[in-house]
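J.: First, the structure itself, so that you have it in front of you.
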Amino acid sequence: MGKLECRGLTKVYEDHRKALENVSFSIETNGIFALIGRNGAGKTTLIRILATELQPTSGSASINGLDLLTQEDKLREKIAIVPQEARTIRWMTAKQTVFSYLLWRGFSYNDAKRLADESLAKLGLEQYANVMTRRLSGGTQRKVLLATVTAASEADVIFLDEPTTGLDPISRRELWEILRQLGRDRFIFLTTHYLEEAEQLADKIGILKDGKLVSFGALSELRKTVRYQYSIKLPPKTQVPQLKDGEVTTDKSGITQIMTNEEEAFRLAKVFAEHAVKFSIAPVTLDDIFFYLVGQKARDE
Ligand SMILES: Nc1ncnc2c1ncn2[C@@H]1O[C@H](COP(=O)(O)OP(=O)(O)OP(=O)(O)O)[C@@H](O)[C@H]1O
Ligand SMILES: [Mg+2]
């Protein structure tokens, strides 16, 4: 099994802005990895460095044994990327789009034609094969872009920068299904602003904050990096008992959330049950973890 390894990746742009700071992690290149973080956290910078589009200021990385800096030509044959700002070419049909990408990657004419057909079919895009992409909705255009990298059958690692941004909830779920299938025999490295997507889709998650990797691992491992592992929710106007440990917040709709440790969570649950107070209890979600690590609370500290 191969690995993607980053060792101290740092990127300082010309204007001296530090977009990445000493990012190190190692991950097996199978399944799906999701990188999350606020606007400007450094997600695109990291993806562009790993996809050999951008040189790091310092640090190194390798993917499946190929070094990013010294073996970039070999590495490029093994990876594919759909950038954040990628658009289809308006005057090409869906099939021409995939076909020309494959020719550019070095496939023969016949292989490119066959793979383009297969890939469009895989993504349920057959009916758009001969339609100019300018006539397709934004979501379908994104699927066509995904079809290009799916067709690049020799690419074991696929980088997707915000693949589902702007898609409607149904199209998003359709795309998740496609990504899950792709993740069975490839490694998908994606970024997203939809935390539910990362939670549902990714085997491992990384959280970037101001260029630093503040959390990395499976969701169960991420939970260990925050102070409290449990969340209890109470309906509006419920009296909150004295806590031994934990944090209480109330949202606009009056729902109170108590974040606390396991022992205290179960003690409180017992108290609520005894007093017939309605409540829900669950392990903290990625949402809770994200807000804890990069949201208001973290900034106030
Ligand atoms: N070409 C560039 N030149 C100078 N600064 C840049 C360049 N590209 C990005 N930056 C800066 O580097 C930081 C990280 O940007 P990056 O695009 O990697 O963030 P991101 O996490 O992808 O954000 P978003 O969620 O908005 O896509 C930001 O402060 C950004 O302004
Ligand atoms: Mg970005």
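In the structure tokens, chains take letters A, B, ... by order of appearance, with residues numbered from 1 within each chain and ligands from 1 in the order shown.
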Would you mind listing, for every residue of chain A within 9 Å of ligand 2, the two atoms forming the shortest contact and the distance between them in Å to one decimal, using only C-alpha atoms and all ligand atoms, sorted by chain and ascending residue number, as a Markdown table?

T.:
```
| residue | atom | partner | partner_atom_place_in_ligand_line | distance |
| --- | --- | --- | --- | --- |
| A:Asn39 | CA | ligand 2 | 1 (Mg) | 6.9 |
| A:Gly40 | CA | ligand 2 | 1 (Mg) | 6.9 |
| A:Ala41 | CA | ligand 2 | 1 (Mg) | 8.1 |
| A:Gly42 | CA | ligand 2 | 1 (Mg) | 7.0 |
| A:Lys43 | CA | ligand 2 | 1 (Mg) | 5.4 |
| A:Thr44 | CA | ligand 2 | 1 (Mg) | 4.0 |
| A:Thr45 | CA | ligand 2 | 1 (Mg) | 7.3 |
| A:Ile47 | CA | ligand 2 | 1 (Mg) | 8.7 |
| A:Pro83 | CA | ligand 2 | 1 (Mg) | 8.7 |
| A:Gln84 | CA | ligand 2 | 1 (Mg) | 6.2 |
| A:Glu85 | CA | ligand 2 | 1 (Mg) | 8.7 |
| A:Asp161 | CA | ligand 2 | 1 (Mg) | 6.7 |
| A:Glu162 | CA | ligand 2 | 1 (Mg) | 7.3 |
| A:Thr191 | CA | ligand 2 | 1 (Mg) | 7.8 |
| A:Thr192 | CA | ligand 2 | 1 (Mg) | 8.8 |
```

J.: Which residues are near region 241-254 of chain A? Cut-off 10 Å, only C-alpha atoms, ignore same chain within fewer than 3 positions. Put them as number ranges by chain.

T.: A: 227-228, 230-238, 257-261, 263-265, 267-268, 271-272

J.: Could you check which of A:Val157, A:Ala116, A:Ile49, A:Ala152 is closest to ligand 1, using only C-alpha atoms and all ligand atoms?

T.: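 When distances to ligand 1 are compared using only C-alpha atoms and all ligand atoms, the smallest one comes from A:Ile49.
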
J.: Could you pull the residues within 9 Å of Leu50 (chain A), counting only C-alpha atoms, minus those fewer than 5 positions along the same chain, as a list of chain:residue names?

T.: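 My list of contacting residues is A:Cys6, A:Thr45, A:Gln55, A:Ala61, A:Ser62, A:Ile63, A:Leu68, A:Phe159.
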
J.: Rank A:Thr165, A:Ser171, A:Ser280, A:Gln71 by their smallest atom-to-atom distance to ligand 1, using only C-alpha atoms and all ligand atoms, and report the top residue only.

T.: A:Thr165

J.: List every residue of region 64-167 of chain A that DSSP, applied to the backbone of this structure, assigns to alpha helix (DSSP H), and report them as a PyMOL selection string.

T.: chain A and resi 72-78+94-105+109-122+138-151

J.: Using only C-alpha atoms, determine which residues lie at most 10 Å from Ile289 (chain A), disregarding the query and same-chain residues fewer than 5 positions distant; provide the list as a PyMOL selection string.

T.: chain A and resi 207+215+219+222-229+284+294-295

J.: Which one is closest to ligand 1: A:Arg7, A:Lys209, A:Lys143, A:Arg135? Count only C-alpha atoms and all ligand atoms.

T.: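 Nearest candidate to ligand 1 out of A:Arg7, A:Lys209, A:Lys143, A:Arg135: A:Lys209.
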
J.: Suppose you want the space between atom 29 (O, counted along the ligand's line) of ligand 1 and CA of Ile89 (chain A); what is it in Å?

T.: 28.6 Å

J.: So, with only C-alpha atoms as the atoms that count, which of A:Thr93, A:Ser220, A:Thr10, A:Ser137 lies closest to Gly166 (chain A)?

T.: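 With only C-alpha atoms as the atom set, the closest residue is A:Ser137.
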